[in-house]
Amino acid sequence: MISIKQVSFSYGDNPVLRQINLSVGEGEVVALLGPNGSGKTTLIKLVSGVLRPATGDIHLNGSILGRMKRRQVAQRVAVVPQQFSMPFAFTLREVVLLGRTPFHSIFSDEGERDHSVVQQAMEHVGIASLKERFFNELSGGERQKAILAMALAQEPRILLLDEPTAHLDINHQVEILDLVRRLNREQGVTVIGVMHDLNMAALYFERLILLKEGSIFADGTPEEVLTAETIEEVFSASVQVTRHPFTNTPHVVVVPGQTLPR
Amino acid sequence: MFARLRQNRRLLILLALGALLLLCMLIAVSLGAVSISPLNIIKMVLDKTGLFHFTATWQPSDETILFLIRLPRVVAGALVGAALASAGVLFQGMLRNPMADPYIIGTSAGAAFGATIAMMLPVSVAFLSFGLVPIAAFFGALGAVLLVYNLAKVGGKTPIVSMLLAGFAVSAMLTAVVFLMVTLSGRQGFLQNVYSFLMGSISVTGWTQIALIAPLIIGGIIAARFLAFRLNALSLGEEGAAYLGIDVEREKILILALGSLLTAAAVSISGLVGFVGLVVPHAVRLVLGPDHRLLLPAAALSGGAFLVLADLFARTVLAPSEIPIGILTAIIGAPFFIYLLRHTRREYAF
């Protein structure tokens, strides 16, 4: 259970989030949507605890995030960023093992339990056969799966995704998002993901939160949030909303050559 | 089972490298103007421990050469090599940059700057003035590395080019100031000392300096080994490491302080010996992989062996004259550095 109360944040003089109030229950699957610069990634970083809110508090199961140790937070919350750069030739297995870092101490840094968790995480994501390959030699999709496996190795109760499918081919996008849904269904992991693709968000997320200029503009089911008026207002784009032929969820289509004045 | 297998593999590799280091030390101790047979060396050392007794099959002069001249120098070489290689691993891991080396990024010059100031202070109490050198070298090293790090940082990253430029500028500046201080001091004999200090040469007289430096270096390496899993996490970058629960700012300070301590301890008995912290970790990483839990102790042992051999070469190849060891490591290391600069871009994908 995450509750965000009156949270504001700015980079220097540049306000990014204004007075955000939001609460996400256990087991929810929430997408954060909005134009570039609307504060989605910043919100993810605040919930992961690597950034501290300028004002307001974030509560994680009742405790104030800012008062918890980084290590304690990382035992509950895992983040999958867009991409990691890796300067050294670690193997995939070694990268996934890094997910166990929050459970290590200076006297014990690799035990049987770490190994079984890492093996399970790789099998879950379907990359166990690649475990001795070098991380840097994997394809973009395989690397993203490895990073997801690393996050799973943290055994998180909350999974934060920052555009997990940003640079991926469509088959990998579907694979990653299917995996995330399965995790949520089977293990009850709470998921908050920044998404760019409105249609993917409508297909895979039950609750959509639309940010505009650092404030929450809309919050609800895909049906409630993805209306032509809302999208035109937030993205300044001319769109029409139809239905997905198989799932009947809202489906946003654009018309070439039509943009709205900002 | 897998965890134990991997740990056993690590232990075996480290034992083998430890044996290699001892072998290199044995060879280095036995060779010189007067050669002493390795068997006699082993007997003399065991005899000295008081646990064993051998009838002397050696000259009394051999014993003097062994315990007062050669062994201290070889032990000092092993310590310096281990310290510089470990400092290289620490800086490379923290900066996520395989080009970082205490010499290249200015840490050594900072240590030399601090050490020179300490040597010039008119402190008459002998033990105090000797104790001041490593302390001043430590603060010099720490100051230089913080300066270079902050100069080189561009938008939260330390790109190779800006780090090399900042390191070069800070090194050049500090070395120039050292020479200026020495010249202005007007002390004749001092210039010669500082010159050989900046060229790098292992100069120990007896065991007192080693007794002071060895705990710093061995303690520093053990402390660094405890940080190894966090160095692994830091390879993901500061943000990635923070997601894994690392307190990045605190960890960076610890790593920089340990790296500076190791560099300063090495510099205070050897002067500026360059490229050891570059060549050794790089070679070890190629063979054993980048996992710092193995890389760090393995680089320390290999660095010790490397410098013992380099020092043996430096003092025997043109005997009776000696090549400063810093010149030797630069002759080996600088071309290697240029090679890396031209070839590893792709491999390390920045």
# chains A, B, ... in the order shown; residues from 1 in each chain; ligands from 1
$ interface_residues --of "chain A" --to "chain B" --cutoff "10 Å" --atoms "only C-alpha atoms" --output "PDB file with C-alpha atoms, in the first residue's frame"
ATOM      1  CA  LYS A  45      11.962   7.940  -8.494  1.00  0.00           C
ATOM      2  CA  SER A  48      11.500   4.212  -5.107  1.00  0.00           C
ATOM      3  CA  GLY A  49      13.002   6.531  -2.500  1.00  0.00           C
ATOM      4  CA  VAL A  50      16.045   7.605  -4.533  1.00  0.00           C
ATOM      5  CA  LEU A  51      14.607  11.127  -4.689  1.00  0.00           C
ATOM      6  CA  LYS A  69      16.971   2.825   5.173  1.00  0.00           C
ATOM      7  CA  ARG A  70      17.731   2.543   1.451  1.00  0.00           C
ATOM      8  CA  ARG A  71      18.368  -1.143   1.943  1.00  0.00           C
ATOM      9  CA  GLN A  72      15.005  -1.733   3.624  1.00  0.00           C
ATOM     10  CA  VAL A  73      13.216   0.050   0.786  1.00  0.00           C
ATOM     11  CA  ALA A  74      15.074  -2.011  -1.841  1.00  0.00           C
ATOM     12  CA  GLN A  75      13.917  -5.221  -0.131  1.00  0.00           C
ATOM     13  CA  VAL A  77      10.482  -1.984  -3.995  1.00  0.00           C
ATOM     14  CA  ALA A  78      12.268  -2.857  -7.252  1.00  0.00           C
ATOM     15  CA  VAL A  79      12.719  -0.561 -10.243  1.00  0.00           C
ATOM     16  CA  VAL A  80      13.118  -1.485 -13.898  1.00  0.00           C
ATOM     17  CA  PRO A  81      14.576   1.555 -15.645  1.00  0.00           C
ATOM     18  CA  GLN A  83      18.072   0.921 -19.882  1.00  0.00           C
ATOM     19  CA  PHE A  84      21.204   0.262 -17.897  1.00  0.00           C
ATOM     20  CA  SER A  85      24.649   0.817 -19.313  1.00  0.00           C
ATOM     21  CA  MET A  86      27.154  -1.709 -18.057  1.00  0.00           C
ATOM     22  CA  PRO A  87      30.848  -0.821 -18.335  1.00  0.00           C
ATOM     23  CA  PHE A  88      32.189  -4.243 -17.369  1.00  0.00           C
ATOM     24  CA  ALA A  89      31.793  -7.711 -18.870  1.00  0.00           C
ATOM     25  CA  PHE A  90      29.398  -9.234 -16.343  1.00  0.00           C
ATOM     26  CA  THR A  91      27.472 -12.334 -17.376  1.00  0.00           C
ATOM     27  CA  GLU A  94      25.974 -12.035 -12.438  1.00  0.00           C
ATOM     28  CA  VAL A  95      23.744  -9.092 -13.383  1.00  0.00           C
ATOM     29  CA  LEU A  97      22.548 -11.706  -8.878  1.00  0.00           C
ATOM     30  CA  LEU A  98      23.009  -7.948  -8.335  1.00  0.00           C
ATOM     31  CA  GLY A  99      19.292  -7.949  -7.526  1.00  0.00           C
ATOM     32  CA  ARG A 100      20.212  -9.726  -4.284  1.00  0.00           C
ATOM     33  CA  THR A 101      22.343  -6.769  -3.149  1.00  0.00           C
ATOM     34  CA  PRO A 102      19.773  -5.448  -0.630  1.00  0.00           C
ATOM     35  CA  PHE A 103      19.912  -8.806   1.161  1.00  0.00           C
ATOM     36  CA  HIS A 104      23.704  -8.968   1.372  1.00  0.00           C
ATOM     37  CA  SER A 105      25.793  -7.778   4.273  1.00  0.00           C
ATOM     38  CA  ILE A 106      29.507  -7.114   4.294  1.00  0.00           C
ATOM     39  CA  PHE A 107      30.078 -10.553   5.816  1.00  0.00           C
ATOM     40  CA  SER A 108      27.816 -12.650   3.604  1.00  0.00           C
ATOM     41  CA  ASP A 109      27.390 -11.804  -0.018  1.00  0.00           C
ATOM     42  CA  GLU A 110      26.266 -15.000  -1.726  1.00  0.00           C
ATOM     43  CA  GLY A 111      24.370 -17.934  -0.285  1.00  0.00           C
ATOM     44  CA  GLU A 112      22.289 -20.904  -1.439  1.00  0.00           C
ATOM     45  CA  ARG A 113      19.086 -18.942  -1.128  1.00  0.00           C
ATOM     46  CA  ASP A 114      20.457 -16.164  -3.359  1.00  0.00           C
ATOM     47  CA  HIS A 115      21.257 -18.766  -5.997  1.00  0.00           C
ATOM     48  CA  SER A 116      17.843 -20.373  -5.998  1.00  0.00           C
ATOM     49  CA  ASN A 136      26.519  -6.491 -23.077  1.00  0.00           C
ATOM     50  CA  GLU A 137      26.326  -8.978 -25.945  1.00  0.00           C
ATOM     51  CA  MET A 150      17.268  -8.635 -11.627  1.00  0.00           C
ATOM     52  CA  ALA A 151      14.285  -6.718 -10.227  1.00  0.00           C
ATOM     53  CA  GLN A 154      14.828  -8.502  -5.189  1.00  0.00           C
TER      54      GLN A 154
END
$ residues_around --residues "Ile65 in chain B" --least-positions-apart "4" --cutoff "10 Å" --atoms "only C-alpha atoms" --output "ChimeraX atom specification"
/B:29,34-36,60-61,69-71
$ select_by_dssp --residues "range 141-203 of chain A" --states "helix (DSSP H, G or I)" --output "PyMOL selection string"
chain A and resi 141-153+170-187+198-203
$ residues_around --residues "range 250-255 of chain A" --least-positions-apart "6" --cutoff "12 Å" --atoms "only C-alpha atoms" --output "number ranges by chain"
A: 197-206, 208, 221-232, 235-244
$ atom_distance --atom1 "CA of Val174 in chain A" --atom2 "CA of Arg76 in chain A"
25.6 Å
$ closest_residue --among "A:Val7, A:Gly27, A:Glu233, A:Arg207" --to "Pro156 in chain A" --atoms "only C-alpha atoms"
A:Gly27
$ residues_around --residues "Gly188 in chain A" --least-positions-apart "3" --cutoff "12 Å" --atoms "only C-alpha atoms" --output "list in words"
Met1, Gly25, Glu26, Gly27, Glu28, Val29, Glu155, Pro156, Arg157, Ile158, Leu159, Val180, Arg181, Arg182, Leu183, Asn184, Arg185 and Val191 of chain A
$ residues_around --residues "Ile117 in chain B" --least-positions-apart "2" --cutoff "9 Å" --atoms "only C-alpha atoms" --output "list in words"
Ala112, Phe113, Gly114, Ala115, Met119, Met120, Leu121, Val133, Ala136, Ala137, Val178 and Met181 of chain B
